[in-house]
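Chemist: Okay, here's the structure, questions in a sec.
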Amino acid sequence: MGVDSSDWRRQGQERFLTGVTLARSVYTPWRRGWDHDHCEFCYRKFAVEGGDFNVGYHTLDRYHWVCDECFSDFSSEFKWKVSPQKYPPEV
Ligand SMILES: [Zn+2]
């Protein structure tokens with residue numbers, strides 16, 4: 001298993017996503033005033049409303065987002081750990 005080394009989604013994400021812990025949550029903007037983010041791999045859109053996804057995997061600071069499909073494709077290679085903890089939006 002694994003993703004081809006020439007897969008178009010590869011853009012150097014190993015620099016900041018290798019071995020990190022991710023959690024899966026409903027999308028919330030990284031900071032006030034933002035309304036969407038993109039999957040770090042396929043660039044599809046996470047948004048509170050109207051995006052491709054409203055749930056996905058993210059770094060614990062919620063800065064980087066990865067969709068379910070890319071998570072399953074790249075998780076073994078990037079050695080992601082998944083936090084059992086929920087990270088609900090703290091409003
Ligand atoms: Zn993706």
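In the structure tokens, chains take letters A, B, ... by order of appearance, with residues numbered from 1 within each chain and ligands from 1 in the order shown.
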Which residues sit within 9 Å of ligand 1, counting only C-alpha atoms and all ligand atoms, listed as a list in words?

Modeler: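 The neighbouring residues of ligand 1 are, in order, Arg9, His38, Cys39, Glu40, Phe41, Cys42, Tyr43, Arg44, Lys45, Trp65, Val66, Cys67, Asp68, Glu69, Cys70 and Phe71 of chain A.
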
Chemist: Please produce a file of those selected residues containing N, CA, C and O atoms, as an mmCIF file, in the first residue's frame.

Modeler:
data_model
loop_
_atom_site.group_PDB
_atom_site.id
_atom_site.type_symbol
_atom_site.label_atom_id
_atom_site.label_comp_id
_atom_site.auth_asym_id
_atom_site.auth_seq_id
_atom_site.Cartn_x
_atom_site.Cartn_y
_atom_site.Cartn_z
ATOM 1 N N ARG A 9 -0.581 15.168 -5.363
ATOM 2 C CA ARG A 9 -0.876 15.831 -4.090
ATOM 3 C C ARG A 9 0.368 16.101 -3.261
ATOM 4 O O ARG A 9 0.316 16.841 -2.279
ATOM 5 N N HIS A 38 -7.960 24.681 3.257
ATOM 6 C CA HIS A 38 -7.896 23.654 2.224
ATOM 7 C C HIS A 38 -7.168 22.434 2.748
ATOM 8 O O HIS A 38 -6.256 22.551 3.572
ATOM 9 N N CYS A 39 -7.555 21.280 2.234
ATOM 10 C CA CYS A 39 -6.816 20.066 2.547
ATOM 11 C C CYS A 39 -5.367 20.281 2.106
ATOM 12 O O CYS A 39 -5.109 20.795 1.012
ATOM 13 N N GLU A 40 -4.438 19.899 2.957
ATOM 14 C CA GLU A 40 -3.024 20.120 2.648
ATOM 15 C C GLU A 40 -2.561 19.295 1.451
ATOM 16 O O GLU A 40 -1.503 19.545 0.891
ATOM 17 N N PHE A 41 -3.336 18.311 1.073
ATOM 18 C CA PHE A 41 -2.922 17.436 -0.020
ATOM 19 C C PHE A 41 -3.711 17.688 -1.301
ATOM 20 O O PHE A 41 -3.140 18.027 -2.325
ATOM 21 N N CYS A 42 -5.011 17.525 -1.240
ATOM 22 C CA CYS A 42 -5.792 17.630 -2.481
ATOM 23 C C CYS A 42 -6.351 19.031 -2.689
ATOM 24 O O CYS A 42 -6.900 19.332 -3.736
ATOM 25 N N TYR A 43 -6.219 19.862 -1.691
ATOM 26 C CA TYR A 43 -6.630 21.262 -1.770
ATOM 27 C C TYR A 43 -8.138 21.468 -1.866
ATOM 28 O O TYR A 43 -8.619 22.577 -2.111
ATOM 29 N N ARG A 44 -8.897 20.397 -1.662
ATOM 30 C CA ARG A 44 -10.330 20.630 -1.567
ATOM 31 C C ARG A 44 -10.600 21.432 -0.299
ATOM 32 O O ARG A 44 -9.765 21.520 0.589
ATOM 33 N N LYS A 45 -11.793 21.999 -0.253
ATOM 34 C CA LYS A 45 -12.063 23.060 0.712
ATOM 35 C C LYS A 45 -12.811 22.586 1.953
ATOM 36 O O LYS A 45 -13.828 21.905 1.853
ATOM 37 N N TRP A 65 -5.123 21.167 7.784
ATOM 38 C CA TRP A 65 -6.277 20.272 7.648
ATOM 39 C C TRP A 65 -6.013 19.236 6.563
ATOM 40 O O TRP A 65 -5.400 19.534 5.542
ATOM 41 N N VAL A 66 -6.497 18.032 6.830
ATOM 42 C CA VAL A 66 -6.328 16.926 5.889
ATOM 43 C C VAL A 66 -7.679 16.211 5.773
ATOM 44 O O VAL A 66 -8.290 15.877 6.797
ATOM 45 N N CYS A 67 -8.146 16.009 4.561
ATOM 46 C CA CYS A 67 -9.449 15.361 4.400
ATOM 47 C C CYS A 67 -9.341 13.852 4.674
ATOM 48 O O CYS A 67 -8.250 13.280 4.705
ATOM 49 N N ASP A 68 -10.483 13.224 4.844
ATOM 50 C CA ASP A 68 -10.507 11.792 5.173
ATOM 51 C C ASP A 68 -9.799 10.945 4.122
ATOM 52 O O ASP A 68 -9.101 9.991 4.439
ATOM 53 N N GLU A 69 -10.018 11.283 2.874
ATOM 54 C CA GLU A 69 -9.425 10.480 1.804
ATOM 55 C C GLU A 69 -7.899 10.588 1.818
ATOM 56 O O GLU A 69 -7.184 9.582 1.741
ATOM 57 N N CYS A 70 -7.385 11.799 1.940
ATOM 58 C CA CYS A 70 -5.929 11.974 1.968
ATOM 59 C C CYS A 70 -5.363 11.417 3.268
ATOM 60 O O CYS A 70 -4.256 10.889 3.291
ATOM 61 N N PHE A 71 -6.117 11.518 4.338
ATOM 62 C CA PHE A 71 -5.662 10.922 5.592
ATOM 63 C C PHE A 71 -5.435 9.429 5.397
ATOM 64 O O PHE A 71 -4.385 8.900 5.756
#

Chemist: Ser25 in chain A: which residues within 12 Å, counting only C-alpha atoms, same-chain residues fewer than 5 positions away excluded, as an mmCIF file with N, CA, C and O atoms, in the first residue's frame?

Modeler:
data_model
loop_
_atom_site.group_PDB
_atom_site.id
_atom_site.type_symbol
_atom_site.label_atom_id
_atom_site.label_comp_id
_atom_site.auth_asym_id
_atom_site.auth_seq_id
_atom_site.Cartn_x
_atom_site.Cartn_y
_atom_site.Cartn_z
ATOM 1 N N PHE A 46 -12.291 22.991 3.093
ATOM 2 C CA PHE A 46 -13.013 22.850 4.351
ATOM 3 C C PHE A 46 -13.665 24.188 4.641
ATOM 4 O O PHE A 46 -13.005 25.228 4.545
ATOM 5 N N VAL A 48 -17.054 26.114 7.049
ATOM 6 C CA VAL A 48 -18.163 25.970 7.979
ATOM 7 C C VAL A 48 -19.426 25.643 7.180
ATOM 8 O O VAL A 48 -20.212 24.785 7.550
ATOM 9 N N PHE A 53 -15.908 19.818 2.496
ATOM 10 C CA PHE A 53 -15.977 19.075 3.749
ATOM 11 C C PHE A 53 -16.314 20.023 4.889
ATOM 12 O O PHE A 53 -15.956 21.197 4.841
ATOM 13 N N ASN A 54 -16.933 19.479 5.931
ATOM 14 C CA ASN A 54 -17.002 20.247 7.174
ATOM 15 C C ASN A 54 -16.479 19.442 8.357
ATOM 16 O O ASN A 54 -16.561 19.892 9.495
ATOM 17 N N VAL A 55 -15.909 18.271 8.062
ATOM 18 C CA VAL A 55 -15.266 17.464 9.097
ATOM 19 C C VAL A 55 -13.972 16.927 8.512
ATOM 20 O O VAL A 55 -13.926 16.577 7.324
ATOM 21 N N GLY A 56 -12.940 16.858 9.325
ATOM 22 C CA GLY A 56 -11.702 16.281 8.821
ATOM 23 C C GLY A 56 -10.640 16.225 9.896
ATOM 24 O O GLY A 56 -10.904 16.538 11.059
ATOM 25 N N TYR A 57 -9.457 15.820 9.465
ATOM 26 C CA TYR A 57 -8.328 15.723 10.391
ATOM 27 C C TYR A 57 -7.546 17.024 10.383
ATOM 28 O O TYR A 57 -7.414 17.678 9.346
ATOM 29 N N HIS A 58 -7.006 17.356 11.543
ATOM 30 C CA HIS A 58 -6.279 18.617 11.642
ATOM 31 C C HIS A 58 -5.194 18.497 12.695
ATOM 32 O O HIS A 58 -5.281 17.673 13.610
ATOM 33 N N THR A 59 -4.180 19.334 12.555
ATOM 34 C CA THR A 59 -3.182 19.429 13.610
ATOM 35 C C THR A 59 -3.851 20.041 14.835
ATOM 36 O O THR A 59 -4.892 20.692 14.721
ATOM 37 N N LEU A 60 -3.249 19.836 15.992
ATOM 38 C CA LEU A 60 -3.942 20.224 17.219
ATOM 39 C C LEU A 60 -4.133 21.729 17.355
ATOM 40 O O LEU A 60 -4.990 22.183 18.104
ATOM 41 N N ASP A 61 -3.347 22.483 16.624
ATOM 42 C CA ASP A 61 -3.587 23.933 16.617
ATOM 43 C C ASP A 61 -4.626 24.316 15.548
ATOM 44 O O ASP A 61 -4.925 25.484 15.361
ATOM 45 N N ARG A 62 -5.128 23.305 14.836
ATOM 46 C CA ARG A 62 -6.139 23.473 13.792
ATOM 47 C C ARG A 62 -5.647 24.328 12.622
ATOM 48 O O ARG A 62 -6.439 24.871 11.855
ATOM 49 N N TRP A 65 -5.123 21.167 7.784
ATOM 50 C CA TRP A 65 -6.277 20.272 7.648
ATOM 51 C C TRP A 65 -6.013 19.236 6.563
ATOM 52 O O TRP A 65 -5.400 19.534 5.542
ATOM 53 N N VAL A 66 -6.497 18.032 6.830
ATOM 54 C CA VAL A 66 -6.328 16.926 5.889
ATOM 55 C C VAL A 66 -7.679 16.211 5.773
ATOM 56 O O VAL A 66 -8.290 15.877 6.797
ATOM 57 N N CYS A 67 -8.146 16.009 4.561
ATOM 58 C CA CYS A 67 -9.449 15.361 4.400
ATOM 59 C C CYS A 67 -9.341 13.852 4.674
ATOM 60 O O CYS A 67 -8.250 13.280 4.705
ATOM 61 N N ASP A 68 -10.483 13.224 4.844
ATOM 62 C CA ASP A 68 -10.507 11.792 5.173
ATOM 63 C C ASP A 68 -9.799 10.945 4.122
ATOM 64 O O ASP A 68 -9.101 9.991 4.439
ATOM 65 N N VAL A 82 -3.235 9.693 15.960
ATOM 66 C CA VAL A 82 -4.555 10.307 16.032
ATOM 67 C C VAL A 82 -4.930 10.477 17.488
ATOM 68 O O VAL A 82 -4.936 9.518 18.259
ATOM 69 N N SER A 83 -5.210 11.686 17.847
ATOM 70 C CA SER A 83 -5.615 11.968 19.212
ATOM 71 C C SER A 83 -7.030 11.467 19.443
ATOM 72 O O SER A 83 -7.920 11.727 18.631
ATOM 73 N N PRO A 84 -7.242 10.755 20.534
ATOM 74 C CA PRO A 84 -8.600 10.305 20.854
ATOM 75 C C PRO A 84 -9.439 11.456 21.376
ATOM 76 O O PRO A 84 -10.661 11.362 21.491
ATOM 77 N N GLN A 85 -8.747 12.531 21.693
ATOM 78 C CA GLN A 85 -9.448 13.658 22.298
ATOM 79 C C GLN A 85 -10.234 14.413 21.247
ATOM 80 O O GLN A 85 -9.802 14.535 20.092
ATOM 81 N N LYS A 86 -11.337 14.954 21.634
ATOM 82 C CA LYS A 86 -12.106 15.804 20.745
ATOM 83 C C LYS A 86 -11.620 17.232 20.899
ATOM 84 O O LYS A 86 -11.286 17.674 21.989
ATOM 85 N N TYR A 87 -11.611 17.936 19.794
ATOM 86 C CA TYR A 87 -11.243 19.346 19.860
ATOM 87 C C TYR A 87 -12.389 20.186 19.342
ATOM 88 O O TYR A 87 -12.374 20.657 18.222
ATOM 89 N N PRO A 88 -13.390 20.311 20.170
ATOM 90 C CA PRO A 88 -14.536 21.107 19.712
ATOM 91 C C PRO A 88 -14.156 22.571 19.661
ATOM 92 O O PRO A 88 -13.228 22.994 20.343
ATOM 93 N N PRO A 89 -14.838 23.301 18.854
ATOM 94 C CA PRO A 89 -14.566 24.736 18.833
ATOM 95 C C PRO A 89 -14.847 25.348 20.196
ATOM 96 O O PRO A 89 -15.889 25.104 20.784
#

Chemist: Would you write out, as a tab-separated table, a table of all residues in range 55-81 of chain A that have an atom no more than 7 Å from an atom of range 13-20 of chain A, listing for each the closest atom pair and the distance in Å to one decimal, considering only C-alpha atoms and ordering rows by chain and rising residue number?

Modeler:
residue	atom	partner	partner_atom	distance
A:Phe78	CA	A:Thr18	CA	4.8
A:Lys79	CA	A:Gly19	CA	4.9
A:Trp80	CA	A:Gly19	CA	4.9
A:Lys81	CA	A:Val20	CA	6.3

Chemist: Looking only at the backbone, which of the residues in chain A does DSSP tag as alpha helix (DSSP H), as a ChimeraX atom specification?

Modeler: /A:14-17,68-78

Chemist: Pull C-alpha atoms from the residues just selected and write them as a PDB file, in the first residue's frame.

Modeler:
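Listing of result_9.pdb after writing:
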ATOM      1  CA  GLU A  14       6.581  15.998   4.957  1.00  0.00           C
ATOM      2  CA  ARG A  15       8.392  19.121   6.108  1.00  0.00           C
ATOM      3  CA  PHE A  16       5.609  20.013   8.510  1.00  0.00           C
ATOM      4  CA  LEU A  17       3.340  16.985   8.747  1.00  0.00           C
ATOM      5  CA  ASP A  68     -10.507  11.792   5.173  1.00  0.00           C
ATOM      6  CA  GLU A  69      -9.425  10.480   1.804  1.00  0.00           C
ATOM      7  CA  CYS A  70      -5.929  11.974   1.968  1.00  0.00           C
ATOM      8  CA  PHE A  71      -5.662  10.922   5.592  1.00  0.00           C
ATOM      9  CA  SER A  72      -6.222   7.305   4.664  1.00  0.00           C
ATOM     10  CA  ASP A  73      -3.872   7.549   1.681  1.00  0.00           C
ATOM     11  CA  PHE A  74      -0.982   9.151   3.533  1.00  0.00           C
ATOM     12  CA  SER A  75      -1.361   8.212   7.191  1.00  0.00           C
ATOM     13  CA  SER A  76       0.993   5.241   7.208  1.00  0.00           C
ATOM     14  CA  GLU A  77       3.682   7.062   5.268  1.00  0.00           C
ATOM     15  CA  PHE A  78       3.524  10.211   7.417  1.00  0.00           C
TER      16      PHE A  78
END

Chemist: Using Å and a single decimal, report how far CA of Gly2 in chain A sits from CA of Thr21 in chain A.

Modeler: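 Computed distance, CA of Thr21 in chain A to CA of Gly2 in chain A, equals 19.4 Å.
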